[in-house]
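Q: Next comes protein-v9.txt, compact mmCIF, C-alpha atoms:
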```
# COMPACT_ATOMS: atom_id res chain seq x y z
CA MET A 1 -50.13 -8.19 41.98
CA ALA A 2 -47.90 -9.54 39.22
CA GLU A 3 -47.07 -12.65 41.22
CA GLU A 4 -50.73 -13.13 42.12
CA GLN A 5 -51.57 -13.05 38.41
CA HIS A 6 -48.71 -15.37 37.53
CA SER A 7 -49.45 -17.96 40.21
CA GLY A 8 -53.21 -17.89 39.65
CA THR A 9 -54.14 -16.71 43.13
CA LEU A 10 -55.62 -13.52 41.71
CA GLU A 11 -58.72 -15.45 40.63
CA LEU A 12 -59.14 -16.68 44.19
CA LEU A 13 -58.72 -13.15 45.49
CA MET A 14 -61.26 -11.82 42.99
CA THR A 15 -63.88 -14.28 44.25
CA ALA A 16 -63.54 -12.93 47.78
CA PRO A 17 -66.16 -10.39 48.88
CA VAL A 18 -63.85 -7.40 48.42
CA ARG A 19 -63.83 -4.69 45.83
CA ASP A 20 -60.91 -4.09 43.46
CA TRP A 21 -59.98 -0.81 45.13
CA GLN A 22 -59.83 -2.58 48.48
CA VAL A 23 -57.39 -5.15 47.11
CA ILE A 24 -55.15 -2.45 45.65
CA THR A 25 -55.36 -0.25 48.73
CA GLY A 26 -54.66 -3.17 51.06
CA LYS A 27 -51.55 -4.19 49.19
CA PHE A 28 -50.38 -0.58 49.00
CA LEU A 29 -50.95 0.06 52.71
CA ALA A 30 -49.08 -3.14 53.57
CA ALA A 31 -46.11 -1.88 51.55
CA VAL A 32 -46.26 1.56 53.21
CA LEU A 33 -46.44 -0.08 56.64
CA LEU A 34 -43.35 -2.13 55.77
CA LEU A 35 -41.59 1.08 54.71
CA ALA A 36 -42.53 2.70 58.01
CA PHE A 37 -41.20 -0.30 59.95
CA ILE A 38 -37.94 -0.09 58.00
CA ILE A 39 -37.56 3.62 58.75
CA ALA A 40 -38.69 3.42 62.40
CA PRO A 41 -35.40 2.11 63.89
CA THR A 42 -33.62 5.20 62.63
CA LEU A 43 -35.66 7.23 65.13
CA LEU A 44 -33.13 5.92 67.64
CA TYR A 45 -30.64 8.36 66.12
CA LEU A 46 -33.04 11.22 66.79
CA PHE A 47 -33.45 10.04 70.37
CA LEU A 48 -29.68 9.89 70.85
CA LEU A 49 -29.22 13.30 69.28
CA THR A 50 -31.79 14.89 71.57
CA ARG A 51 -30.38 13.04 74.58
CA PHE A 52 -26.77 14.15 74.11
CA GLY A 53 -27.23 17.33 72.11
CA ASN A 54 -29.63 20.07 71.24
CA PRO A 55 -30.64 19.53 67.60
CA ASP A 56 -33.50 21.23 65.85
CA VAL A 57 -36.06 18.41 65.77
CA VAL A 58 -38.52 20.02 63.33
CA PRO A 59 -36.35 19.58 60.18
CA VAL A 60 -35.66 15.97 61.15
CA LEU A 61 -39.33 15.14 61.63
CA ALA A 62 -40.21 16.98 58.42
CA GLY A 63 -37.55 14.91 56.67
CA TYR A 64 -39.17 11.73 57.97
CA LEU A 65 -42.52 12.91 56.65
CA GLY A 66 -40.91 13.65 53.28
CA ILE A 67 -39.33 10.21 53.15
CA LEU A 68 -42.66 8.56 53.95
CA LEU A 69 -44.48 10.62 51.32
CA MET A 70 -41.87 10.04 48.61
CA GLY A 71 -41.67 6.36 49.49
CA SER A 72 -45.45 6.10 49.34
CA ALA A 73 -45.47 7.69 45.89
CA VAL A 74 -42.82 5.26 44.65
CA LEU A 75 -44.68 2.31 46.16
CA ALA A 76 -47.93 3.43 44.51
CA ILE A 77 -46.21 3.64 41.14
CA GLY A 78 -44.80 0.16 41.75
CA THR A 79 -48.27 -1.11 42.61
CA PHE A 80 -49.57 0.26 39.34
CA ALA A 81 -46.69 -1.30 37.41
CA SER A 82 -47.38 -4.61 39.10
CA THR A 83 -50.98 -4.65 37.90
CA VAL A 84 -50.00 -4.05 34.28
CA THR A 85 -47.98 -7.24 33.80
CA ARG A 86 -47.95 -10.85 34.96
CA ASN A 87 -44.18 -10.99 35.48
CA GLN A 88 -42.58 -9.58 38.64
CA ILE A 89 -39.32 -8.68 36.93
CA VAL A 90 -41.09 -6.82 34.15
CA ALA A 91 -43.22 -5.06 36.77
CA ALA A 92 -40.13 -4.04 38.71
CA LEU A 93 -38.43 -2.73 35.58
CA LEU A 94 -41.55 -0.86 34.50
CA GLY A 95 -41.87 0.70 37.95
CA LEU A 96 -38.19 1.62 37.89
CA VAL A 97 -38.51 3.22 34.46
CA LEU A 98 -41.57 5.23 35.53
CA VAL A 99 -39.94 6.46 38.73
CA LEU A 100 -36.65 7.16 36.95
CA ALA A 101 -38.46 9.14 34.26
CA MET A 102 -40.12 11.25 36.92
CA TRP A 103 -36.83 11.56 38.80
CA LEU A 104 -34.93 12.74 35.73
CA SER A 105 -37.64 15.11 34.53
CA ASP A 106 -36.00 17.90 36.54
CA LEU A 107 -32.72 17.37 34.67
CA VAL A 108 -34.49 17.23 31.31
CA GLY A 109 -36.43 20.37 32.28
CA SER A 110 -33.19 22.25 32.91
CA LEU A 111 -32.06 21.37 29.36
CA ALA A 112 -35.36 22.34 27.72
CA SER A 113 -36.86 25.76 27.16
CA GLY A 114 -40.31 27.25 27.10
CA PRO A 115 -43.38 26.39 29.15
CA ILE A 116 -42.49 22.69 29.28
CA VAL A 117 -39.68 23.49 31.72
CA SER A 118 -42.02 24.23 34.60
CA VAL A 119 -44.10 21.11 33.88
CA LEU A 120 -41.04 18.85 33.80
CA GLN A 121 -39.62 20.36 36.96
CA TYR A 122 -42.96 19.97 38.73
CA LEU A 123 -43.05 16.25 37.87
CA SER A 124 -39.74 15.59 39.63
CA PRO A 125 -40.13 14.10 43.11
CA LEU A 126 -36.78 15.58 44.10
CA SER A 127 -37.92 19.15 43.58
CA HIS A 128 -40.73 18.50 46.05
CA PHE A 129 -38.49 16.86 48.63
CA ASP A 130 -35.99 19.67 49.22
CA ASP A 131 -38.20 21.72 51.55
CA PHE A 132 -38.82 18.74 53.84
CA GLY A 133 -35.09 18.53 54.54
CA ARG A 134 -35.12 22.18 55.61
CA GLY A 135 -38.03 21.62 57.97
CA VAL A 136 -40.62 23.27 55.76
CA ILE A 137 -43.82 21.30 55.25
CA ASP A 138 -45.42 22.98 52.25
CA THR A 139 -48.89 21.78 51.35
CA THR A 140 -47.98 22.00 47.67
CA HIS A 141 -45.43 19.24 48.12
CA VAL A 142 -47.70 17.12 50.30
CA ILE A 143 -50.48 17.43 47.70
CA TYR A 144 -48.03 16.46 44.94
CA TYR A 145 -47.05 13.20 46.65
CA LEU A 146 -50.63 12.39 47.63
CA SER A 147 -51.73 13.08 44.05
CA VAL A 148 -49.11 10.70 42.67
CA VAL A 149 -50.35 8.07 45.13
CA ALA A 150 -54.01 8.68 44.25
CA VAL A 151 -53.47 8.62 40.47
CA SER A 152 -51.27 5.52 40.62
CA LEU A 153 -53.71 3.61 42.81
CA PHE A 154 -56.65 4.75 40.65
CA LEU A 155 -54.90 3.48 37.52
CA ALA A 156 -53.99 0.22 39.26
CA THR A 157 -57.62 -0.26 40.25
CA ARG A 158 -58.79 0.38 36.69
CA VAL A 159 -56.29 -2.13 35.30
CA LEU A 160 -57.44 -4.72 37.83
CA GLU A 161 -61.08 -4.04 36.96
CA SER A 162 -60.33 -4.45 33.27
CA ARG A 163 -58.67 -7.80 33.97
CA ARG A 164 -61.79 -8.92 35.80
CA TRP A 165 -64.00 -8.14 32.79
CA ASN A 166 -61.56 -9.67 30.29
CA GLN A 167 -61.46 -13.06 31.99
```
Since I need it in another form, could you write the structure as structure tokens?

A:
Amino acid sequence: MAEEQHSGTLELLMTAPVRDWQVITGKFLAAVLLLAFIIAPTLLYLFLLTRFGNPDVVPVLAGYLGILLMGSAVLAIGTFASTVTRNQIVAALLGLVLVLAMWLSDLVGSLASGPIVSVLQYLSPLSHFDDFGRGVIDTTHVIYYLSVVAVSLFLATRVLESRRWNQ
């Protein structure tokens, strides 16, 4: 989105008969599809393991689901960051800072005390990923990642809508 704003193609996109949420969702789904294509060749390892050994497949598949969910959350945050600015580098840095802040909230939570500890630990994507590696698909963790995606895409849509009205 930042490059579209910078190059001026966003105006062309905004004149197309699509809604703002469709633009944001389309770009996000394209990024998630690219992530899935990047991860897909590693399924060869699972095939080889099952062919020549007897691994427990459930934790591996749950790990793949966790990777896709965490990656989707990070991509949604990056999509939001990209709508906030016109510069790709600034958008990348903003997305990195937002993800890093969430990532380190678990560490900060372990240093803090009081009721804020549980909030900070809940915000950390790592604390929600651990169970996937053990083969446990807990709906709490799935809902967390889907909520991060939904909130990020909602905010990105609102920023894009505000740009439409400000032009």

Q: Could you check which residues have any atom within 7 Å of (-52.9, 0.8, 42.8), counting only C-alpha atoms with coordinates taken straight from the file, and then list them as a ChimeraX atom specification?

A: /A:24-25,28,76,79-80,152-157

Q: May I ask which of the residues A:Ser124, A:Thr42, A:Ser72, A:Asn54 is the closest one to Ala150 in chain A, counting all atoms listed in the file?

A: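 Of A:Ser124, A:Thr42, A:Ser72, A:Asn54, the one nearest Ala150 in chain A, counting all atoms listed in the file, is A:Ser72.
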
Q: Can you work out which one of A:Leu46, A:Ala112, A:Ile39, A:Leu69 has the shortest atom-to-atom distance to Thr139 in chain A, counting all atoms listed in the file?

A: A:Leu69

Q: Quick one: residues within 10 Å of Arg163 in chain A, only C-alpha atoms, excluding same-chain residues fewer than 6 positions away - as a tab-separated table (two decimals) with C-alpha atoms, in the frame of the given file?

A:
```tsv
chain	number	residue	atom	x	y	z
A	5	GLN	CA	-51.57	-13.05	38.41
A	83	THR	CA	-50.98	-4.65	37.90
A	84	VAL	CA	-50.00	-4.05	34.28
A	157	THR	CA	-57.62	-0.26	40.25
```

Q: So that I can see what lies close to Phe47 in chain A, please list as a VMD selection string the residues with an atom at most 12 Å from it, counting only C-alpha atoms and leaving out residues fewer than 6 positions away in the same chain.

A: chain A and resid 40 to 41 53 to 55 57 60 to 61

Q: List the neighbours of range 101-105 of chain A out to 9 Å using all atoms listed in the file; skip same-chain residues closer than 2 positions along the sequence, and give me the result as a PyMOL selection string.

A: chain A and resi 96-99+107-110+119-126

Q: Have a look at A:Leu35, A:Leu111, A:Leu100, A:Met1 and name the one nearest to Asn87 in chain A; count all atoms listed in the file.

A: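 For Asn87 in chain A, the nearest of the candidates is A:Met1.
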
Q: What's the separation between CA of Ser82 in chain A and CA of Ile116 in chain A, in Å to one decimal place?

A: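 According to the coordinates, CA of Ser82 in chain A and CA of Ile116 in chain A are separated by 29.4 Å.
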
Q: Name the residues in contact with Gly95 in chain A at a cut-off of 7 Å, using all atoms listed in the file, excluding same-chain residues fewer than 5 positions from it; report them as an MDAnalysis selection string.

A: chainID A and resid 77:78 81

Q: To test the calculation: enclose all listed atoms of range 105-118 of chain A in a box whose edges run along x, y and z, add 8 Å on each side, then state centre and edge lengths in Å to one decimal, as AutoDock Vina command-line options.

A:
```
--center_x -37.7 --center_y 21.2 --center_z 31.8 --size_x 27.3 --size_y 28.1 --size_z 25.4
```

Q: Might you pull out every residue within 8 Å of His141 in chain A, with all atoms listed in the file counted and same-chain residues fewer than 4 positions away left off, and present them as a PyMOL selection string?

A: chain A and resi 128-129+137+145

Q: Which value, in Å to one decimal, gives the distance between CA of Arg134 in chain A and CA of Pro59 in chain A?

A: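 We find that CA of Arg134 in chain A and CA of Pro59 in chain A lie 5.4 Å from each other.
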
Q: Determine the nearest neighbour of His6 in chain A from the options A:Ser162, A:Thr85, A:Thr50, A:Gln22, counting all atoms listed in the file.

A: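 Ranking A:Ser162, A:Thr85, A:Thr50, A:Gln22 by distance to His6 in chain A, first place goes to A:Thr85.
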